[in-house]
>>> print(open('query27.cif').read())   # mmCIF, C-alpha atoms
data_protein
#
loop_
_atom_site.label_atom_id
_atom_site.label_comp_id
_atom_site.auth_asym_id
_atom_site.auth_seq_id
_atom_site.Cartn_x
_atom_site.Cartn_y
_atom_site.Cartn_z
CA MET H 1 55.95 -20.87 -7.67
CA LEU H 2 55.10 -17.18 -7.58
CA GLN H 3 51.32 -17.20 -7.41
CA MET H 4 48.80 -19.82 -6.34
CA TRP H 5 47.03 -19.95 -9.71
CA HIS H 6 50.18 -21.35 -11.35
CA ARG H 7 49.15 -24.71 -9.85
CA ASN H 8 46.45 -24.84 -12.54
CA GLY H 9 48.65 -23.81 -15.47
CA ARG H 10 49.98 -20.68 -17.13
CA CYS H 11 48.80 -18.18 -19.74
CA PRO H 12 49.69 -18.79 -23.40
CA GLU H 13 52.11 -16.40 -25.07
CA GLY H 14 50.51 -13.15 -26.21
CA THR H 15 47.90 -13.17 -23.41
CA VAL H 16 47.80 -11.71 -19.90
CA PRO H 17 46.14 -13.15 -16.77
CA ILE H 18 43.15 -11.18 -15.44
CA ARG H 19 41.38 -12.23 -12.26
CA ARG H 20 37.74 -13.04 -13.02
CA THR H 21 35.11 -10.77 -11.47
CA LYS H 22 32.20 -12.85 -10.20
CA LYS H 23 28.66 -11.88 -9.28
CA ASP H 24 29.47 -12.37 -5.58
CA ASP H 25 32.28 -9.82 -5.86
CA LEU H 26 29.82 -7.20 -7.09
CA LEU H 27 27.20 -8.10 -4.47
CA ARG H 28 29.74 -7.49 -1.66
CA ALA H 29 30.41 -3.96 -2.94
CA SER H 30 28.44 -1.07 -1.43
CA SER H 31 27.44 -0.07 -4.97
CA MET H 32 28.39 -0.86 -8.55
CA ARG H 33 29.95 2.59 -8.84
CA ARG H 34 32.17 2.04 -5.79
CA TYR H 35 33.23 -1.51 -6.74
CA GLY H 36 37.02 -1.80 -6.85
CA ARG H 37 37.58 1.69 -5.42
CA LYS H 38 39.10 3.05 -2.25
CA ARG H 39 36.93 5.39 -0.22
CA HIS H 40 39.45 7.81 1.23
CA THR H 41 42.59 9.76 0.58
CA ALA H 42 46.25 8.87 1.08
CA PRO H 43 47.88 9.54 4.46
CA ASN H 44 49.02 13.15 4.80
CA PRO H 45 51.91 13.19 7.28
CA LEU H 46 52.13 17.00 7.00
CA SER H 47 48.58 17.56 8.28
CA VAL H 48 48.28 18.84 11.82
CA ASP H 49 44.48 18.85 11.84
CA PRO H 50 43.56 16.19 14.44
CA ASN H 51 40.19 15.63 12.73
CA MET H 52 42.03 14.59 9.56
CA LEU H 53 44.30 12.14 11.32
CA SER H 54 42.06 9.10 11.17
CA GLU H 55 39.68 10.42 8.55
CA GLY H 56 37.16 7.81 7.50
CA GLY H 57 38.61 5.38 10.04
CA HIS H 58 41.84 4.75 8.10
CA GLN H 59 45.06 4.38 10.07
CA HIS H 60 48.62 4.27 8.83
CA ALA H 61 52.19 3.59 9.91
CA ILE H 62 54.47 4.92 7.18
CA ALA H 63 57.85 6.31 6.23
CA TYR H 64 57.92 9.13 3.68
CA VAL H 65 60.01 11.68 1.79
CA GLU H 66 58.88 14.98 0.31
CA GLY H 67 60.30 18.27 -0.92
CA ASP H 68 61.95 17.07 -4.12
CA LYS H 69 60.93 15.75 -7.54
CA TYR H 70 60.68 11.96 -7.58
CA TYR H 71 60.49 9.70 -10.62
CA GLY H 72 59.75 6.42 -8.89
CA ALA H 73 60.33 4.30 -5.79
CA LYS H 74 61.37 0.82 -4.78
CA ALA H 75 60.99 -1.39 -1.71
CA THR H 76 61.32 -4.95 -0.53
CA ILE H 77 58.22 -5.70 1.54
CA ASN H 78 57.88 -8.47 4.13
CA VAL H 79 54.74 -10.54 3.34
CA TRP H 80 52.26 -11.56 6.06
CA GLU H 81 48.60 -12.53 6.37
CA PRO H 82 47.18 -10.11 8.96
CA LYS H 83 43.88 -10.99 10.62
CA ILE H 84 40.90 -8.82 9.68
CA GLN H 85 38.16 -8.30 12.27
CA GLN H 86 35.30 -7.21 9.99
CA ALA H 87 34.73 -8.05 6.32
CA ASN H 88 34.46 -4.34 5.43
CA GLU H 89 37.95 -3.64 6.79
CA PHE H 90 41.31 -4.31 5.11
CA SER H 91 45.00 -4.37 5.89
CA LEU H 92 47.64 -3.50 3.31
CA SER H 93 51.33 -2.77 2.95
CA GLN H 94 52.31 -0.68 -0.05
CA LEU H 95 54.18 2.22 -1.56
CA TRP H 96 52.49 5.42 -2.69
CA ILE H 97 53.75 7.67 -5.53
CA LEU H 98 51.99 10.99 -4.94
CA GLY H 99 51.57 14.26 -6.82
CA GLY H 100 49.44 17.34 -6.19
CA SER H 101 47.74 18.45 -2.99
CA PHE H 102 45.77 16.31 -0.56
CA GLY H 103 42.61 18.11 -1.68
CA GLU H 104 40.48 17.25 -4.70
CA ASP H 105 43.28 16.76 -7.20
CA LEU H 106 45.66 14.25 -5.61
CA ASN H 107 47.37 11.89 -8.09
CA SER H 108 48.44 8.54 -6.66
CA ILE H 109 50.01 5.31 -7.96
CA GLU H 110 50.11 2.50 -5.42
CA ALA H 111 51.32 -1.11 -5.26
CA GLY H 112 51.90 -3.74 -2.59
CA TRP H 113 50.04 -6.56 -0.85
CA GLN H 114 46.66 -6.53 0.85
CA VAL H 115 44.10 -8.63 2.67
CA SER H 116 40.61 -7.38 1.75
CA PRO H 117 37.65 -9.72 2.34
CA ASP H 118 35.22 -7.23 0.79
CA LEU H 119 37.17 -6.93 -2.45
CA TYR H 120 38.25 -10.56 -2.92
CA GLY H 121 35.84 -12.63 -0.82
CA ASP H 122 38.58 -14.27 1.27
CA ASN H 123 41.44 -13.53 3.67
CA ASN H 124 44.33 -14.34 1.32
CA THR H 125 47.28 -11.98 0.96
CA ARG H 126 47.20 -10.64 -2.60
CA LEU H 127 49.37 -8.53 -4.88
CA PHE H 128 47.57 -5.31 -5.82
CA THR H 129 47.88 -1.97 -7.55
CA TYR H 130 45.79 1.20 -7.35
CA TRP H 131 45.68 4.56 -9.10
CA THR H 132 43.66 7.78 -8.95
CA SER H 133 44.01 11.23 -10.49
CA ASP H 134 41.35 13.02 -8.41
CA ALA H 135 41.88 12.00 -4.77
CA TYR H 136 39.92 8.73 -5.04
CA GLN H 137 36.71 10.42 -6.20
CA ALA H 138 35.75 9.38 -9.74
CA THR H 139 38.94 8.02 -11.33
CA GLY H 140 41.01 4.93 -10.76
CA CYS H 141 40.58 1.50 -9.21
CA TYR H 142 42.31 -1.57 -7.88
CA ASN H 143 44.19 -3.87 -10.24
CA MET H 144 42.43 -4.30 -13.61
CA LEU H 145 38.93 -3.39 -12.40
CA CYS H 146 38.78 -0.35 -14.69
CA SER H 147 40.80 0.86 -17.66
CA GLY H 148 44.08 2.55 -16.75
CA PHE H 149 46.87 0.15 -15.92
CA ILE H 150 48.08 -1.69 -19.05
CA GLN H 151 49.42 -5.16 -18.29
CA ILE H 152 52.04 -6.74 -20.54
CA ASN H 153 53.18 -9.69 -18.41
CA SER H 154 51.68 -13.18 -18.77
CA GLU H 155 53.14 -14.64 -15.55
CA ILE H 156 51.85 -12.40 -12.76
CA ALA H 157 48.16 -11.63 -12.16
CA MET H 158 47.04 -8.52 -10.30
CA GLY H 159 44.90 -9.44 -7.33
CA ALA H 160 46.25 -13.01 -7.22
CA SER H 161 47.29 -14.67 -3.96
CA ILE H 162 50.94 -14.38 -2.93
CA PHE H 163 52.68 -17.51 -1.68
CA PRO H 164 54.43 -18.34 0.63
CA ILE H 165 53.65 -16.12 3.65
CA SER H 166 55.96 -15.30 6.59
CA ASN H 167 55.57 -17.10 9.92
CA TYR H 168 55.98 -15.52 13.35
CA ALA H 169 59.45 -16.48 14.67
CA GLY H 170 59.79 -18.69 11.57
CA SER H 171 60.53 -18.40 7.84
CA GLN H 172 60.41 -14.88 6.39
CA TYR H 173 59.35 -14.00 2.84
CA ASP H 174 59.29 -10.70 1.00
CA ILE H 175 58.44 -9.23 -2.38
CA SER H 176 60.23 -6.48 -4.26
CA ILE H 177 58.32 -3.74 -6.09
CA LEU H 178 59.77 -1.00 -8.28
CA ILE H 179 57.74 1.77 -9.95
CA TRP H 180 59.55 4.19 -12.24
CA LYS H 181 58.79 6.84 -14.82
CA ASP H 182 60.05 6.19 -18.34
CA PRO H 183 61.97 9.39 -19.24
CA LYS H 184 61.09 9.14 -22.96
CA GLU H 185 57.38 8.29 -23.02
CA GLY H 186 56.56 9.54 -19.52
CA ASN H 187 54.60 6.40 -18.55
CA TRP H 188 54.89 4.90 -15.06
CA TRP H 189 56.13 1.28 -15.14
CA MET H 190 55.90 -1.42 -12.48
CA GLN H 191 58.33 -4.28 -11.88
CA PHE H 192 57.75 -7.23 -9.53
CA GLY H 193 60.84 -9.04 -8.28
CA LYS H 194 64.04 -8.94 -10.33
CA GLU H 195 62.64 -9.93 -13.71
CA TYR H 196 58.90 -9.36 -14.06
CA VAL H 197 57.98 -6.05 -15.68
CA LEU H 198 54.21 -6.14 -15.23
CA GLY H 199 52.97 -3.14 -17.20
CA TYR H 200 52.44 0.60 -17.00
CA TRP H 201 50.12 3.48 -16.20
CA PRO H 202 50.02 5.85 -19.21
CA SER H 203 51.06 9.39 -18.31
CA PHE H 204 47.84 10.84 -19.78
CA LEU H 205 45.91 9.39 -16.81
CA PHE H 206 47.49 12.03 -14.57
CA SER H 207 47.94 15.76 -14.16
CA TYR H 208 50.75 16.23 -11.59
CA LEU H 209 52.28 12.78 -12.13
CA ALA H 210 52.53 13.53 -15.84
CA ASP H 211 55.61 15.50 -14.68
CA SER H 212 56.90 13.96 -11.44
CA ALA H 213 55.92 12.94 -7.92
CA SER H 214 56.25 15.34 -4.98
CA MET H 215 56.01 12.76 -2.18
CA ILE H 216 56.76 9.05 -1.76
CA GLU H 217 55.28 6.98 1.07
CA TRP H 218 55.95 3.39 2.16
CA GLY H 219 54.09 1.50 4.86
CA GLY H 220 50.90 -0.01 6.19
CA GLU H 221 47.26 1.00 6.24
CA VAL H 222 44.17 -0.51 7.87
CA VAL H 223 40.50 0.37 8.04
CA ASN H 224 39.27 0.92 11.59
CA SER H 225 35.48 0.81 11.43
CA GLU H 226 35.34 0.79 15.26
CA PRO H 227 33.13 -2.27 15.62
CA ASP H 228 31.22 -2.18 18.95
CA GLY H 229 32.49 1.36 19.50
CA THR H 230 36.06 0.22 20.23
CA HIS H 231 39.21 0.15 18.11
CA THR H 232 39.35 -2.66 15.56
CA SER H 233 41.58 -5.68 16.21
CA THR H 234 42.47 -5.79 12.50
CA GLN H 235 46.22 -6.30 12.36
CA MET H 236 48.75 -4.28 10.38
CA GLY H 237 51.84 -6.04 9.01
CA SER H 238 52.48 -9.11 11.16
CA GLY H 239 50.14 -7.86 13.89
CA HIS H 240 53.15 -7.16 16.12
CA PHE H 241 54.84 -3.88 17.06
CA PRO H 242 58.13 -2.78 15.43
CA GLU H 243 60.24 -3.27 18.56
CA GLU H 244 59.87 -7.06 18.28
CA GLY H 245 62.24 -6.89 15.30
CA PHE H 246 63.11 -9.38 12.58
CA GLY H 247 61.01 -12.53 12.28
CA LYS H 248 58.24 -11.06 14.41
CA ALA H 249 57.53 -7.52 13.15
CA SER H 250 56.93 -6.73 9.48
CA TYR H 251 59.51 -4.67 7.58
CA PHE H 252 60.21 -2.65 4.46
CA LYS H 253 63.90 -2.76 3.49
CA ASN H 254 66.11 -1.21 0.81
CA ILE H 255 63.63 1.60 0.27
CA GLN H 256 64.86 3.83 -2.56
CA VAL H 257 63.68 6.65 -4.81
CA VAL H 258 64.29 7.19 -8.53
CA ASP H 259 65.98 10.57 -9.13
CA SER H 260 65.90 12.91 -12.12
CA SER H 261 68.76 11.02 -13.81
CA ASN H 262 66.65 7.82 -13.69
CA GLN H 263 68.90 6.26 -11.03
CA LEU H 264 67.87 4.54 -7.80
CA SER H 265 69.21 6.33 -4.73
CA ALA H 266 68.76 6.24 -0.97
CA PRO H 267 65.93 8.53 0.17
CA LYS H 268 67.08 11.70 1.96
CA GLY H 269 65.35 13.07 5.04
CA VAL H 270 63.00 10.14 5.69
CA GLY H 271 60.16 11.00 8.07
CA THR H 272 57.77 8.64 9.84
CA PHE H 273 54.09 9.07 10.62
CA THR H 274 51.37 7.19 12.49
CA GLU H 275 48.06 8.44 13.88
CA GLN H 276 47.98 6.28 17.03
CA SER H 277 51.30 4.67 17.88
CA ASN H 278 49.66 2.62 20.67
CA CYS H 279 47.67 0.79 17.97
CA TYR H 280 50.16 0.68 15.07
CA ASP H 281 53.71 2.03 15.11
CA VAL H 282 56.74 2.56 12.87
CA GLN H 283 60.51 2.64 13.58
CA ASN H 284 63.09 3.36 10.89
CA GLY H 285 66.80 2.67 10.62
CA ASN H 286 69.75 2.23 8.29
CA ASN H 287 72.42 -0.42 7.87
CA GLY H 288 74.74 -1.96 5.28
CA ASP H 289 72.61 -4.96 4.36
CA TRP H 290 69.15 -3.43 4.42
CA GLY H 291 69.95 0.15 3.40
CA THR H 292 67.13 2.42 4.57
CA TYR H 293 64.51 0.25 6.28
CA PHE H 294 61.73 0.34 8.84
CA TYR H 295 59.65 -2.01 10.95
CA TYR H 296 55.96 -1.16 11.21
CA GLY H 297 52.57 -2.53 12.26
CA GLY H 298 50.70 -3.65 15.33
CA PRO H 299 47.71 -5.52 16.69
CA GLY H 300 45.19 -2.69 16.69
CA LYS H 301 43.02 -3.05 19.78
CA ASN H 302 44.99 -3.73 22.98
CA SER H 303 45.12 -2.45 26.56
CA ASN H 304 46.82 0.80 25.40
CA CYS H 305 44.56 1.14 22.33
CA PRO H 306 41.01 0.57 23.62
#
>>> encode(input="query27.cif", output="structure tokens")
Amino acid sequence: MLQMWHRNGRCPEGTVPIRRTKKDDLLRASSMRRYGRKRHTAPNPLSVDPNMLSEGGHQHAIAYVEGDKYYGAKATINVWEPKIQQANEFSLSQLWILGGSFGEDLNSIEAGWQVSPDLYGDNNTRLFTYWTSDAYQATGCYNMLCSGFIQINSEIAMGASIFPISNYAGSQYDISILIWKDPKEGNWWMQFGKEYVLGYWPSFLFSYLADSASMIEWGGEVVNSEPDGTHTSTQMGSGHFPEEGFGKASYFKNIQVVDSSNQLSAPKGVGTFTEQSNCYDVQNGNNGDWGTYFYYGGPGKNSNCP
């Protein structure tokens, strides 16, 4: 079973599953206009402005590549159910396909898993996508909450719960996500696992990404709303630091980029970035089985992250 809703049946041929938006979902949103939208920009590991580092209370632990033209990215992502301190916070693990500057015109395609009580009304780990063509201002949304992403698959629903979830020092589960640019039509396609092509983002949605991406990022993000004036205890990944390793810390493995010949290749010159490594950290490596990989995450608030 891939998604929890399969317990209640499947979609007939020629249809696609779309998660129902209920009145309660809209009432949790800060406004109708903001419903289904992120409120900030993607992490900029090249920024040295300390004021930008945790802009809007968002914190990250990521690996990234930049300086080339990229036509997609792939990763296998360890799946957990991090604890969220406040309903208006979230924790996610995803890949970012980025084009343009980190100013007003950033193009981004994103996919991964997230726990977001505000968006979904619960603490389940859910598959999600996101896109924007103007740095999260007026365009784009999560999943199917606005026009943009065109779904073709009847098996997998965006925003649906992922099952099963990894256990600390127990069974480990992961999902594989591939996003690539079709060289003929120019659309950006998404594949889940080995066999589920989910759909595509038409190239006309974007300016920079109509050509190619200039940066790829993989990793975790949380909202730190600083409840009670201290750092949030919202967890990233498994809620444990990278040094705990397999079975305890969350990982991305076999991270790859799609090159100009439409082939998957190992990323060159991978950098890492985190705003506060005492709260959430990242450690990368390379080996035969896992290719390029990294462990990431953390508990948030602790004695070294007050």
>>> closest_residue(input="query27.cif", among="H:Thr76, H:Asn153, H:Gln85, H:Thr129", to="Leu198 of chain H", atoms="only C-alpha atoms")
H:Asn153
>>> resolve_selection(input="query27.cif", expression="the PyMOL selection byres ((chain H and resi 94) around 9)", output="list in words")
Ala75, Ile77, Leu92, Ser93, Leu95, Trp96, Glu110, Ala111, Gly112, Trp113, Gln114, Phe128, Thr129, Glu217, Trp218, Gly219, Gly220 and Glu221 of chain H
>>> residues_around(input="query27.cif", residues="segment 285-290 of chain H", least_positions_apart="6", cutoff="9 Å", atoms="all atoms listed in the file", output="PyMOL selection string")
chain H and resi 252-255
>>> atom_distance(input="query27.cif", atom1="atom CA of Phe204 of chain H", atom2="atom CA of Cys146 of chain H")
15.3 Å
>>> axis_aligned_box(input="query27.cif", around="segment 105-113 of chain H", padding_each_side="3 Å", output="JSON")
{"center_x": 47.6, "center_y": 5.1, "center_z": -4.5, "size_x": 14.6, "size_y": 29.3, "size_z": 13.2}
>>> closest_residue(input="query27.cif", among="H:Glu81, H:Glu185, H:Asp105, H:Glu89", to="Ile165 of chain H", atoms="all atoms listed in the file")
H:Glu81
>>> resolve_selection(input="query27.cif", expression="the PyMOL selection byres ((chain H and resi 195) around 12)", output="PyMOL selection string")
chain H and resi 153+155-156+176-178+190-194+196-198
>>> residues_around(input="query27.cif", residues="Leu264 of chain H", least_positions_apart="6", cutoff="12 Å", atoms="only C-alpha atoms", output="number ranges by chain")
H: 70-75, 178-181, 254-258
>>> atom_distance(input="query27.cif", atom1="atom CA of Lys301 of chain H", atom2="atom CA of Ser277 of chain H")
11.5 Å
>>> decode(input="query27.cif", residues="segment 182-207 of chain H", atoms="N, CA, C and O atoms", output="PDB file, in the first residue's frame")
ATOM      1  N   ASP H 182      11.601  17.691 -19.743  1.00  0.00           N
ATOM      2  CA  ASP H 182      11.458  17.016 -21.032  1.00  0.00           C
ATOM      3  C   ASP H 182      12.147  17.864 -22.106  1.00  0.00           C
ATOM      4  O   ASP H 182      11.784  19.012 -22.319  1.00  0.00           O
ATOM      5  N   PRO H 183      13.173  17.310 -22.780  1.00  0.00           N
ATOM      6  CA  PRO H 183      13.948  18.115 -23.734  1.00  0.00           C
ATOM      7  C   PRO H 183      13.114  18.593 -24.929  1.00  0.00           C
ATOM      8  O   PRO H 183      13.412  19.641 -25.499  1.00  0.00           O
ATOM      9  N   LYS H 184      12.069  17.855 -25.293  1.00  0.00           N
ATOM     10  CA  LYS H 184      11.271  18.256 -26.466  1.00  0.00           C
ATOM     11  C   LYS H 184      10.276  19.358 -26.135  1.00  0.00           C
ATOM     12  O   LYS H 184      10.283  20.427 -26.723  1.00  0.00           O
ATOM     13  N   GLU H 185       9.400  19.086 -25.164  1.00  0.00           N
ATOM     14  CA  GLU H 185       8.325  20.039 -24.840  1.00  0.00           C
ATOM     15  C   GLU H 185       8.772  21.108 -23.845  1.00  0.00           C
ATOM     16  O   GLU H 185       8.147  22.160 -23.752  1.00  0.00           O
ATOM     17  N   GLY H 186       9.800  20.786 -23.055  1.00  0.00           N
ATOM     18  CA  GLY H 186      10.289  21.746 -22.061  1.00  0.00           C
ATOM     19  C   GLY H 186       9.553  21.714 -20.729  1.00  0.00           C
ATOM     20  O   GLY H 186       9.847  22.511 -19.845  1.00  0.00           O
ATOM     21  N   ASN H 187       8.569  20.806 -20.576  1.00  0.00           N
ATOM     22  CA  ASN H 187       7.834  20.723 -19.309  1.00  0.00           C
ATOM     23  C   ASN H 187       8.663  19.990 -18.254  1.00  0.00           C
ATOM     24  O   ASN H 187       9.523  19.174 -18.585  1.00  0.00           O
ATOM     25  N   TRP H 188       8.381  20.279 -16.995  1.00  0.00           N
ATOM     26  CA  TRP H 188       9.078  19.633 -15.879  1.00  0.00           C
ATOM     27  C   TRP H 188       8.205  18.514 -15.319  1.00  0.00           C
ATOM     28  O   TRP H 188       7.105  18.766 -14.826  1.00  0.00           O
ATOM     29  N   TRP H 189       8.686  17.272 -15.396  1.00  0.00           N
ATOM     30  CA  TRP H 189       7.930  16.089 -14.988  1.00  0.00           C
ATOM     31  C   TRP H 189       8.369  15.603 -13.619  1.00  0.00           C
ATOM     32  O   TRP H 189       9.529  15.770 -13.227  1.00  0.00           O
ATOM     33  N   MET H 190       7.443  14.946 -12.926  1.00  0.00           N
ATOM     34  CA  MET H 190       7.753  14.370 -11.609  1.00  0.00           C
ATOM     35  C   MET H 190       7.425  12.882 -11.597  1.00  0.00           C
ATOM     36  O   MET H 190       6.363  12.465 -12.049  1.00  0.00           O
ATOM     37  N   GLN H 191       8.370  12.103 -11.050  1.00  0.00           N
ATOM     38  CA  GLN H 191       8.167  10.668 -10.869  1.00  0.00           C
ATOM     39  C   GLN H 191       8.323  10.323  -9.394  1.00  0.00           C
ATOM     40  O   GLN H 191       9.215  10.838  -8.714  1.00  0.00           O
ATOM     41  N   PHE H 192       7.436   9.446  -8.912  1.00  0.00           N
ATOM     42  CA  PHE H 192       7.452   8.984  -7.525  1.00  0.00           C
ATOM     43  C   PHE H 192       7.759   7.495  -7.539  1.00  0.00           C
ATOM     44  O   PHE H 192       7.057   6.724  -8.211  1.00  0.00           O
ATOM     45  N   GLY H 193       8.816   7.084  -6.852  1.00  0.00           N
ATOM     46  CA  GLY H 193       9.206   5.670  -6.883  1.00  0.00           C
ATOM     47  C   GLY H 193       9.734   5.291  -8.258  1.00  0.00           C
ATOM     48  O   GLY H 193      10.124   6.139  -9.050  1.00  0.00           O
ATOM     49  N   LYS H 194       9.718   3.994  -8.553  1.00  0.00           N
ATOM     50  CA  LYS H 194      10.294   3.526  -9.818  1.00  0.00           C
ATOM     51  C   LYS H 194       9.319   3.632 -10.984  1.00  0.00           C
ATOM     52  O   LYS H 194       9.719   3.702 -12.136  1.00  0.00           O
ATOM     53  N   GLU H 195       7.996   3.642 -10.677  1.00  0.00           N
ATOM     54  CA  GLU H 195       7.060   3.473 -11.797  1.00  0.00           C
ATOM     55  C   GLU H 195       5.952   4.500 -11.902  1.00  0.00           C
ATOM     56  O   GLU H 195       5.175   4.471 -12.846  1.00  0.00           O
ATOM     57  N   TYR H 196       5.849   5.417 -10.938  1.00  0.00           N
ATOM     58  CA  TYR H 196       4.700   6.327 -10.952  1.00  0.00           C
ATOM     59  C   TYR H 196       5.088   7.710 -11.466  1.00  0.00           C
ATOM     60  O   TYR H 196       5.629   8.531 -10.720  1.00  0.00           O
ATOM     61  N   VAL H 197       4.829   7.965 -12.743  1.00  0.00           N
ATOM     62  CA  VAL H 197       4.989   9.315 -13.277  1.00  0.00           C
ATOM     63  C   VAL H 197       3.707  10.071 -12.908  1.00  0.00           C
ATOM     64  O   VAL H 197       2.608   9.699 -13.326  1.00  0.00           O
ATOM     65  N   LEU H 198       3.861  11.113 -12.087  1.00  0.00           N
ATOM     66  CA  LEU H 198       2.679  11.746 -11.485  1.00  0.00           C
ATOM     67  C   LEU H 198       2.065  12.827 -12.363  1.00  0.00           C
ATOM     68  O   LEU H 198       0.853  13.016 -12.374  1.00  0.00           O
ATOM     69  N   GLY H 199       2.916  13.589 -13.072  1.00  0.00           N
ATOM     70  CA  GLY H 199       2.401  14.689 -13.872  1.00  0.00           C
ATOM     71  C   GLY H 199       3.508  15.684 -14.149  1.00  0.00           C
ATOM     72  O   GLY H 199       4.686  15.364 -13.993  1.00  0.00           O
ATOM     73  N   TYR H 200       3.126  16.902 -14.540  1.00  0.00           N
ATOM     74  CA  TYR H 200       4.144  17.871 -14.959  1.00  0.00           C
ATOM     75  C   TYR H 200       3.720  19.313 -14.681  1.00  0.00           C
ATOM     76  O   TYR H 200       2.534  19.628 -14.544  1.00  0.00           O
ATOM     77  N   TRP H 201       4.739  20.158 -14.591  1.00  0.00           N
ATOM     78  CA  TRP H 201       4.559  21.610 -14.558  1.00  0.00           C
ATOM     79  C   TRP H 201       4.863  22.128 -15.959  1.00  0.00           C
ATOM     80  O   TRP H 201       5.996  21.983 -16.439  1.00  0.00           O
ATOM     81  N   PRO H 202       3.887  22.747 -16.646  1.00  0.00           N
ATOM     82  CA  PRO H 202       4.158  23.261 -17.992  1.00  0.00           C
ATOM     83  C   PRO H 202       5.247  24.336 -17.960  1.00  0.00           C
ATOM     84  O   PRO H 202       5.311  25.136 -17.017  1.00  0.00           O
ATOM     85  N   SER H 203       6.086  24.355 -18.981  1.00  0.00           N
ATOM     86  CA  SER H 203       7.205  25.312 -18.979  1.00  0.00           C
ATOM     87  C   SER H 203       6.733  26.762 -18.999  1.00  0.00           C
ATOM     88  O   SER H 203       7.426  27.651 -18.516  1.00  0.00           O
ATOM     89  N   PHE H 204       5.513  27.021 -19.529  1.00  0.00           N
ATOM     90  CA  PHE H 204       5.060  28.414 -19.623  1.00  0.00           C
ATOM     91  C   PHE H 204       4.788  29.050 -18.255  1.00  0.00           C
ATOM     92  O   PHE H 204       4.620  30.261 -18.146  1.00  0.00           O
ATOM     93  N   LEU H 205       4.764  28.220 -17.183  1.00  0.00           N
ATOM     94  CA  LEU H 205       4.586  28.778 -15.838  1.00  0.00           C
ATOM     95  C   LEU H 205       5.790  29.605 -15.415  1.00  0.00           C
ATOM     96  O   LEU H 205       5.682  30.431 -14.505  1.00  0.00           O
ATOM     97  N   PHE H 206       6.944  29.368 -16.051  1.00  0.00           N
ATOM     98  CA  PHE H 206       8.213  29.876 -15.537  1.00  0.00           C
ATOM     99  C   PHE H 206       8.916  30.803 -16.523  1.00  0.00           C
ATOM    100  O   PHE H 206       8.653  30.766 -17.720  1.00  0.00           O
ATOM    101  N   SER H 207       9.829  31.597 -15.964  1.00  0.00           N
ATOM    102  CA  SER H 207      10.711  32.419 -16.803  1.00  0.00           C
ATOM    103  C   SER H 207      12.072  31.718 -16.898  1.00  0.00           C
ATOM    104  O   SER H 207      12.403  31.112 -17.912  1.00  0.00           O
TER     105      SER H 207
END
